[in-house]
>>> print(open('data.cif').read())   # mmCIF, C-alpha atoms
data_input
loop_
_atom_site.label_atom_id
_atom_site.label_comp_id
_atom_site.auth_asym_id
_atom_site.auth_seq_id
_atom_site.Cartn_x
_atom_site.Cartn_y
_atom_site.Cartn_z
CA MET A 1 -64.29 -83.88 57.50
CA LYS A 2 -63.91 -80.91 55.25
CA LEU A 3 -61.14 -79.91 52.95
CA VAL A 4 -60.26 -76.24 52.86
CA PRO A 5 -57.70 -74.53 50.68
CA TRP A 6 -54.39 -74.14 52.48
CA ARG A 7 -53.17 -70.68 53.21
CA GLU A 8 -50.57 -69.15 55.41
CA THR A 9 -51.98 -68.39 58.83
CA ARG A 10 -51.28 -65.04 60.28
CA ARG A 11 -53.99 -65.15 62.88
CA ASP A 12 -51.86 -64.23 65.88
CA ALA A 13 -49.49 -61.79 64.38
CA CYS A 14 -52.54 -59.88 63.20
CA ASP A 15 -53.33 -57.85 66.25
CA PRO A 16 -55.82 -55.02 65.58
CA PHE A 17 -54.38 -52.86 68.34
CA ARG A 18 -50.92 -53.19 66.88
CA GLU A 19 -52.33 -51.86 63.61
CA LEU A 20 -53.77 -48.85 65.45
CA GLU A 21 -50.46 -48.31 67.17
CA ASN A 22 -48.78 -48.34 63.79
CA ILE A 23 -51.13 -45.62 62.57
CA GLN A 24 -50.36 -43.57 65.64
CA ARG A 25 -46.64 -44.08 65.07
CA GLU A 26 -46.99 -43.01 61.46
CA MET A 27 -48.82 -39.88 62.59
CA ASN A 28 -46.06 -39.11 65.05
CA GLN A 29 -43.54 -39.47 62.28
CA LEU A 30 -45.30 -36.79 60.25
CA PHE A 31 -44.12 -34.38 62.90
CA ASN A 32 -40.75 -36.11 63.25
CA PHE A 33 -41.52 -36.01 66.91
CA SER A 34 -43.62 -37.86 69.36
CA LEU A 35 -47.05 -36.32 69.84
CA ASP A 36 -46.89 -37.43 73.41
CA ARG A 37 -45.63 -34.83 75.78
CA TRP A 38 -42.41 -35.75 77.46
CA ASP A 39 -43.71 -35.19 80.94
CA GLU A 40 -46.61 -37.49 80.37
CA LYS A 41 -46.66 -41.22 79.90
CA PRO A 42 -44.14 -42.34 77.32
CA TYR A 43 -46.84 -44.16 75.38
CA GLY A 44 -50.08 -43.03 73.80
CA ILE A 45 -53.73 -43.68 74.52
CA LEU A 46 -53.95 -46.66 72.24
CA GLU A 47 -50.87 -48.30 73.60
CA SER A 48 -51.94 -49.61 76.93
CA ALA A 49 -48.43 -50.93 77.24
CA TRP A 50 -45.36 -51.37 75.17
CA SER A 51 -44.65 -54.70 73.55
CA PRO A 52 -41.69 -55.75 71.44
CA ALA A 53 -41.69 -55.95 67.64
CA ILE A 54 -41.03 -59.45 66.39
CA ASP A 55 -39.97 -61.43 63.35
CA VAL A 56 -40.86 -65.07 62.86
CA PHE A 57 -38.96 -67.38 60.52
CA ASP A 58 -39.68 -70.98 59.71
CA SER A 59 -37.48 -73.82 58.51
CA LYS A 60 -37.90 -77.56 58.22
CA ASP A 61 -36.68 -78.27 61.74
CA ASN A 62 -36.79 -74.99 63.61
CA ILE A 63 -38.70 -71.82 64.19
CA LEU A 64 -36.66 -68.68 64.73
CA VAL A 65 -38.16 -65.72 66.59
CA LYS A 66 -36.45 -62.38 66.95
CA ALA A 67 -37.74 -59.67 69.25
CA ASP A 68 -36.50 -56.10 69.68
CA ILE A 69 -36.21 -55.46 73.41
CA PRO A 70 -33.66 -52.68 73.91
CA GLY A 71 -31.91 -51.95 77.18
CA MET A 72 -32.69 -55.11 79.09
CA LYS A 73 -30.82 -57.34 81.42
CA LYS A 74 -30.83 -61.00 80.38
CA GLU A 75 -32.22 -62.10 83.71
CA ASP A 76 -35.23 -59.81 83.37
CA ILE A 77 -36.51 -61.60 80.27
CA GLU A 78 -38.76 -64.62 80.66
CA VAL A 79 -39.60 -66.94 77.82
CA SER A 80 -42.16 -69.70 78.04
CA VAL A 81 -43.59 -72.19 75.57
CA HIS A 82 -46.85 -73.98 75.90
CA GLY A 83 -47.76 -76.18 72.97
CA ASP A 84 -47.58 -73.85 69.99
CA THR A 85 -47.86 -70.65 72.05
CA LEU A 86 -44.78 -68.66 72.83
CA SER A 87 -44.76 -65.94 75.48
CA ILE A 88 -42.07 -63.35 75.98
CA LYS A 89 -42.35 -61.45 79.21
CA GLY A 90 -40.08 -59.06 80.95
CA GLU A 91 -39.62 -56.05 83.05
CA LYS A 92 -37.67 -53.01 82.03
CA LYS A 93 -36.26 -51.40 85.08
CA GLU A 94 -35.43 -47.77 85.33
CA GLU A 95 -31.94 -46.95 86.50
CA LYS A 96 -31.99 -45.52 89.96
CA GLU A 97 -28.60 -43.91 89.89
CA VAL A 98 -30.03 -40.54 88.94
CA LYS A 99 -28.97 -37.71 91.16
CA GLU A 100 -31.47 -35.15 92.38
CA LYS A 101 -29.91 -32.23 90.59
CA ASP A 102 -29.83 -34.01 87.25
CA PHE A 103 -32.28 -32.85 84.68
CA VAL A 104 -33.96 -35.88 83.16
CA LYS A 105 -36.51 -36.34 80.43
CA THR A 106 -37.46 -39.75 79.17
CA GLU A 107 -39.74 -41.25 76.57
CA ARG A 108 -38.40 -44.72 77.05
CA PHE A 109 -40.77 -47.36 78.29
CA TYR A 110 -40.24 -48.84 81.71
CA GLY A 111 -42.35 -51.48 83.38
CA SER A 112 -43.51 -54.95 82.51
CA PHE A 113 -44.41 -56.10 79.05
CA THR A 114 -45.63 -59.26 77.44
CA ARG A 115 -46.10 -60.57 73.96
CA SER A 116 -47.57 -63.93 73.09
CA LEU A 117 -47.82 -65.50 69.71
CA ARG A 118 -49.00 -68.69 68.15
CA LEU A 119 -46.16 -70.48 66.42
CA PRO A 120 -46.66 -72.08 63.00
CA SER A 121 -46.23 -75.50 64.59
CA GLU A 122 -45.76 -77.11 67.97
CA VAL A 123 -42.28 -77.01 69.38
CA ASP A 124 -40.34 -79.04 71.87
CA SER A 125 -40.19 -76.85 74.95
CA GLU A 126 -37.02 -78.68 76.03
CA LYS A 127 -35.23 -77.66 72.86
CA VAL A 128 -35.33 -73.89 72.93
CA THR A 129 -32.19 -71.78 72.81
CA ALA A 130 -32.14 -68.08 73.51
CA THR A 131 -29.57 -65.34 73.04
CA TYR A 132 -29.72 -61.62 73.73
CA LYS A 133 -27.47 -59.27 71.79
CA ASP A 134 -27.73 -55.64 70.71
CA GLY A 135 -31.17 -55.45 72.24
CA VAL A 136 -32.45 -58.38 70.22
CA LEU A 137 -33.77 -61.56 71.79
CA GLU A 138 -33.24 -64.48 69.44
CA LEU A 139 -35.06 -67.74 70.07
CA THR A 140 -34.49 -70.95 68.17
CA LEU A 141 -37.27 -73.42 68.82
CA ALA A 142 -37.03 -76.99 67.60
CA LYS A 143 -40.18 -78.36 66.07
CA ARG A 144 -41.68 -81.46 67.57
CA GLU A 145 -41.01 -84.55 65.50
CA GLU A 146 -44.64 -85.55 65.19
CA THR A 147 -45.75 -82.17 63.90
CA LYS A 148 -43.18 -81.94 61.14
CA PRO A 149 -44.75 -82.26 57.72
CA LYS A 150 -44.28 -85.79 56.45
CA GLN A 151 -43.79 -86.74 52.90
CA ILE A 152 -45.99 -89.54 51.86
CA LYS A 153 -45.01 -91.39 48.83
CA ILE A 154 -47.87 -92.44 46.71
CA GLU A 155 -47.27 -95.10 44.25
CA ILE A 156 -48.82 -94.50 40.92
CA LYS A 157 -50.16 -97.60 39.48
CA MET B 158 -35.43 -36.72 43.45
CA GLU B 159 -35.56 -39.48 45.98
CA ASN B 160 -36.79 -42.76 44.70
CA LYS B 161 -39.94 -43.47 46.72
CA LYS B 162 -39.62 -47.18 46.16
CA ASP B 163 -36.30 -47.30 47.94
CA ALA B 164 -37.29 -44.87 50.66
CA LEU B 165 -37.37 -46.51 54.05
CA ARG B 166 -39.98 -45.80 56.67
CA THR B 167 -38.69 -43.60 59.42
CA ILE B 168 -39.08 -44.54 63.04
CA VAL B 169 -38.50 -41.95 65.72
CA PRO B 170 -36.53 -43.72 68.43
CA ALA B 171 -37.57 -43.21 72.04
CA VAL B 172 -34.89 -41.32 73.91
CA SER B 173 -33.97 -40.30 77.39
CA VAL B 174 -31.93 -37.21 78.10
CA LYS B 175 -29.97 -36.60 81.25
CA ASP B 176 -28.26 -33.30 81.91
CA SER B 177 -25.84 -33.28 84.82
CA GLY B 178 -24.82 -29.68 84.23
CA LYS B 179 -21.42 -30.69 82.88
CA GLU B 180 -22.56 -33.10 80.22
CA ILE B 181 -25.62 -34.33 78.43
CA ILE B 182 -26.24 -38.05 78.22
CA LEU B 183 -28.60 -39.09 75.46
CA GLU B 184 -29.85 -42.65 75.20
CA ALA B 185 -31.80 -43.77 72.17
CA GLU B 186 -33.54 -47.12 71.74
CA MET B 187 -32.32 -48.48 68.43
CA PRO B 188 -32.15 -52.27 68.79
CA GLY B 189 -30.70 -54.72 66.31
CA LEU B 190 -28.38 -52.47 64.33
CA LYS B 191 -24.93 -53.09 63.02
CA ARG B 192 -22.45 -50.54 64.24
CA GLU B 193 -21.60 -49.51 60.70
CA ASP B 194 -25.24 -48.66 60.01
CA ILE B 195 -25.36 -46.06 62.77
CA ALA B 196 -24.53 -42.45 61.96
CA ILE B 197 -24.18 -39.51 64.31
CA GLU B 198 -23.80 -36.02 62.93
CA ILE B 199 -23.26 -32.72 64.62
CA GLU B 200 -23.59 -29.70 62.43
CA GLY B 201 -23.88 -26.23 63.86
CA ASP B 202 -26.33 -26.59 66.74
CA GLY B 203 -27.98 -29.60 65.19
CA LEU B 204 -27.44 -33.18 66.31
CA LYS B 205 -28.75 -36.03 64.23
CA ILE B 206 -28.79 -39.71 65.00
CA HIS B 207 -29.56 -42.21 62.36
CA GLY B 208 -29.65 -45.99 62.01
CA LYS B 209 -30.61 -48.13 59.05
CA LYS B 210 -32.45 -51.37 59.51
CA ASN B 211 -33.19 -52.65 56.07
CA ASN B 212 -31.91 -56.18 55.99
CA CYS B 213 -35.21 -57.99 55.62
CA ALA B 214 -33.78 -61.23 54.29
CA ALA B 215 -34.61 -64.39 56.21
CA PRO B 216 -31.60 -66.22 57.65
CA GLU B 217 -30.32 -69.02 55.47
CA GLY B 218 -32.58 -72.02 55.41
CA TYR B 219 -35.53 -70.08 56.81
CA ARG B 220 -38.52 -68.42 55.25
CA THR B 221 -40.20 -65.36 56.68
CA ILE B 222 -43.55 -65.94 58.36
CA TRP B 223 -43.97 -62.55 59.97
CA SER B 224 -41.83 -59.45 59.87
CA GLU B 225 -42.15 -56.28 61.90
CA ARG B 226 -38.58 -55.36 62.61
CA CYS B 227 -37.04 -54.37 59.34
CA GLY B 228 -37.43 -52.08 56.37
CA TYR B 229 -37.09 -48.82 58.24
CA GLU B 230 -34.59 -46.42 59.63
CA TYR B 231 -34.33 -44.79 63.00
CA SER B 232 -33.85 -41.09 62.67
CA ARG B 233 -34.04 -38.19 65.04
CA SER B 234 -32.73 -34.66 65.16
CA PHE B 235 -32.11 -32.42 68.13
CA ILE B 236 -31.11 -28.83 68.59
CA LEU B 237 -28.31 -28.29 71.07
CA THR B 238 -29.28 -25.23 73.03
CA GLU B 239 -25.90 -24.97 74.70
CA GLU B 240 -22.42 -24.94 73.32
CA VAL B 241 -20.87 -28.38 73.45
CA ASN B 242 -17.40 -29.73 73.11
CA ARG B 243 -17.99 -31.63 69.92
CA GLU B 244 -14.47 -33.06 69.83
CA LYS B 245 -15.16 -34.97 73.01
CA VAL B 246 -18.54 -36.45 72.18
CA GLN B 247 -18.52 -40.16 72.94
CA ALA B 248 -20.81 -42.77 71.46
CA LYS B 249 -21.50 -46.27 72.69
CA TYR B 250 -23.82 -48.97 71.38
CA ALA B 251 -24.83 -51.72 73.79
CA ASP B 252 -27.99 -53.76 74.37
CA GLY B 253 -29.68 -51.89 71.53
CA LEU B 254 -29.14 -48.51 73.15
CA LEU B 255 -27.15 -45.80 71.49
CA THR B 256 -25.63 -43.69 74.23
CA LEU B 257 -24.07 -40.32 73.50
CA THR B 258 -22.11 -38.47 76.11
CA ILE B 259 -21.89 -34.86 75.11
CA PRO B 260 -19.67 -32.68 77.30
CA LYS B 261 -20.65 -29.04 77.51
CA SER B 262 -18.21 -26.40 76.42
CA GLU B 263 -16.41 -24.87 79.35
CA HIS B 264 -16.75 -21.38 78.01
CA ALA B 265 -20.50 -21.98 77.68
CA ALA B 266 -20.79 -21.58 81.43
CA PRO B 267 -22.27 -18.21 82.39
CA ARG B 268 -19.60 -15.60 82.86
CA LYS B 269 -19.94 -12.32 84.65
CA ILE B 270 -18.72 -9.32 82.79
CA ALA B 271 -17.74 -6.31 84.76
CA ILE B 272 -18.55 -2.88 83.38
CA GLN B 273 -15.44 -0.83 83.10
#
>>> encode(input="data.cif", output="structure tokens")
Amino acid sequence: MKLVPWRETRRDACDPFRELENIQREMNQLFNFSLDRWDEKPYGILESAWSPAIDVFDSKDNILVKADIPGMKKEDIEVSVHGDTLSIKGEKKEEKEVKEKDFVKTERFYGSFTRSLRLPSEVDSEKVTATYKDGVLELTLAKREETKPKQIKIEIK
Amino acid sequence: MENKKDALRTIVPAVSVKDSGKEIILEAEMPGLKREDIAIEIEGDGLKIHGKKNNCAAPEGYRTIWSERCGYEYSRSFILTEEVNREKVQAKYADGLLTLTIPKSEHAAPRKIAIQ
């Protein structure tokens, strides 16, 4: 057994492609406009697909995950938990009520997306609550009892 | 001078624009905003949509592990190439989409002028 200094793990949130996407986004912002042409794919070369931005919060008993997924129907979002891995999947469907004569341009992403992340601790997959409001998916995941940090009292003699 | 420290990053929201001939429907993806943090301005032929997202504080009892969805503002400007009825512009915010319904001005329709 080896003892290593403790530090906050950010292994999963640190996705190199996401970093590249951020650079691309920053570049686009220089022009205050998307570099992508409207008639082409709504996402760039680096972004093979869209995936939602997330926040992860931790408390003693729960883990809270928020994900920005605008313009979805609740039933098109799928959340699954396996051990300490959380997956958010979904499909953004394009409205079909567009009439022929309408002139339409869109940059919005449609299609399926997925984002998986490793949670800071294992959670009880039975105790997950989810809400969807204002385009934000909010998940509260209860930590599993046995993985909660335990305080051990050491008696000083 | 703008204080750089307080300046928020700007994110250009993805939009879709539908023009039915009578009205323009603009949808912008701006999830997770409070209604009071959204601003829509029409000035001259310019249309600007704006939304602040700068509440980075963790909910009570929680600490932040990872944060990607705060500390920026959505901002985008458009030029209206046709005359619109700005009094009748409607805005709606649902499921993280800001939807603007912009009716075109009736007198913006092409009119034939006879030579006397």
>>> interface_residues(input="data.cif", of="chain B", to="chain A", cutoff="12 Å", atoms="only C-alpha atoms", output="VMD selection string")
chain B and resid 166 to 192 210 213 to 235 249 to 256
>>> resolve_selection(input="data.cif", expression="the PyMOL selection byres ((chain B and resi 193-197) around 7)", output="number ranges by chain")
B: 190-192, 198-199, 205-209
>>> write_last_selection(input="data.cif", atoms="C-alpha atoms", output="short mmCIF file (atom, residue, chain, number, x, y, z; two decimals), in the coordinates of the input")
data_model
loop_
_atom_site.label_atom_id
_atom_site.label_comp_id
_atom_site.auth_asym_id
_atom_site.auth_seq_id
_atom_site.Cartn_x
_atom_site.Cartn_y
_atom_site.Cartn_z
CA LEU B 190 -28.38 -52.47 64.33
CA LYS B 191 -24.93 -53.09 63.02
CA ARG B 192 -22.45 -50.54 64.24
CA GLU B 198 -23.80 -36.02 62.93
CA ILE B 199 -23.26 -32.72 64.62
CA LYS B 205 -28.75 -36.03 64.23
CA ILE B 206 -28.79 -39.71 65.00
CA HIS B 207 -29.56 -42.21 62.36
CA GLY B 208 -29.65 -45.99 62.01
CA LYS B 209 -30.61 -48.13 59.05
#
>>> residues_around(input="data.cif", residues="Ser262 of chain B", least_positions_apart="5", cutoff="12 Å", atoms="all atoms listed in the file", output="NGL selection string")
:B and (178-181 or 237-246 or 267)
>>> write_last_selection(input="data.cif", atoms="C-alpha atoms", output="PDB file, in the coordinates of the input")
ATOM      1  CA  GLY B 178     -24.820 -29.680  84.230  1.00  0.00           C
ATOM      2  CA  LYS B 179     -21.420 -30.690  82.880  1.00  0.00           C
ATOM      3  CA  GLU B 180     -22.560 -33.100  80.220  1.00  0.00           C
ATOM      4  CA  ILE B 181     -25.620 -34.330  78.430  1.00  0.00           C
ATOM      5  CA  LEU B 237     -28.310 -28.290  71.070  1.00  0.00           C
ATOM      6  CA  THR B 238     -29.280 -25.230  73.030  1.00  0.00           C
ATOM      7  CA  GLU B 239     -25.900 -24.970  74.700  1.00  0.00           C
ATOM      8  CA  GLU B 240     -22.420 -24.940  73.320  1.00  0.00           C
ATOM      9  CA  VAL B 241     -20.870 -28.380  73.450  1.00  0.00           C
ATOM     10  CA  ASN B 242     -17.400 -29.730  73.110  1.00  0.00           C
ATOM     11  CA  ARG B 243     -17.990 -31.630  69.920  1.00  0.00           C
ATOM     12  CA  GLU B 244     -14.470 -33.060  69.830  1.00  0.00           C
ATOM     13  CA  LYS B 245     -15.160 -34.970  73.010  1.00  0.00           C
ATOM     14  CA  VAL B 246     -18.540 -36.450  72.180  1.00  0.00           C
ATOM     15  CA  PRO B 267     -22.270 -18.210  82.390  1.00  0.00           C
TER      16      PRO B 267
END
>>> atom_distance(input="data.cif", atom1="atom CA of Ser116 of chain A", atom2="atom CA of Thr85 of chain A")
6.8 Å
>>> atom_distance(input="data.cif", atom1="atom CA of Glu21 of chain A", atom2="atom CA of Arg115 of chain A")
14.7 Å
>>> closest_residue(input="data.cif", among="A:Arg144, A:Thr131, A:Ile156, A:Ser51", to="Phe113 of chain A", atoms="all atoms listed in the file")
A:Ser51
>>> resolve_selection(input="data.cif", expression="the PyMOL selection byres ((chain A and resi 112) around 10)", output="PDB file with C-alpha atoms, in the frame of the given file")
ATOM      1  CA  ALA A  49     -48.430 -50.930  77.240  1.00  0.00           C
ATOM      2  CA  TRP A  50     -45.360 -51.370  75.170  1.00  0.00           C
ATOM      3  CA  SER A  51     -44.650 -54.700  73.550  1.00  0.00           C
ATOM      4  CA  ASP A  76     -35.230 -59.810  83.370  1.00  0.00           C
ATOM      5  CA  ILE A  77     -36.510 -61.600  80.270  1.00  0.00           C
ATOM      6  CA  LYS A  89     -42.350 -61.450  79.210  1.00  0.00           C
ATOM      7  CA  GLY A  90     -40.080 -59.060  80.950  1.00  0.00           C
ATOM      8  CA  GLU A  91     -39.620 -56.050  83.050  1.00  0.00           C
ATOM      9  CA  LYS A  92     -37.670 -53.010  82.030  1.00  0.00           C
ATOM     10  CA  LYS A  93     -36.260 -51.400  85.080  1.00  0.00           C
ATOM     11  CA  PHE A 109     -40.770 -47.360  78.290  1.00  0.00           C
ATOM     12  CA  TYR A 110     -40.240 -48.840  81.710  1.00  0.00           C
ATOM     13  CA  GLY A 111     -42.350 -51.480  83.380  1.00  0.00           C
ATOM     14  CA  PHE A 113     -44.410 -56.100  79.050  1.00  0.00           C
ATOM     15  CA  THR A 114     -45.630 -59.260  77.440  1.00  0.00           C
TER      16      THR A 114
END
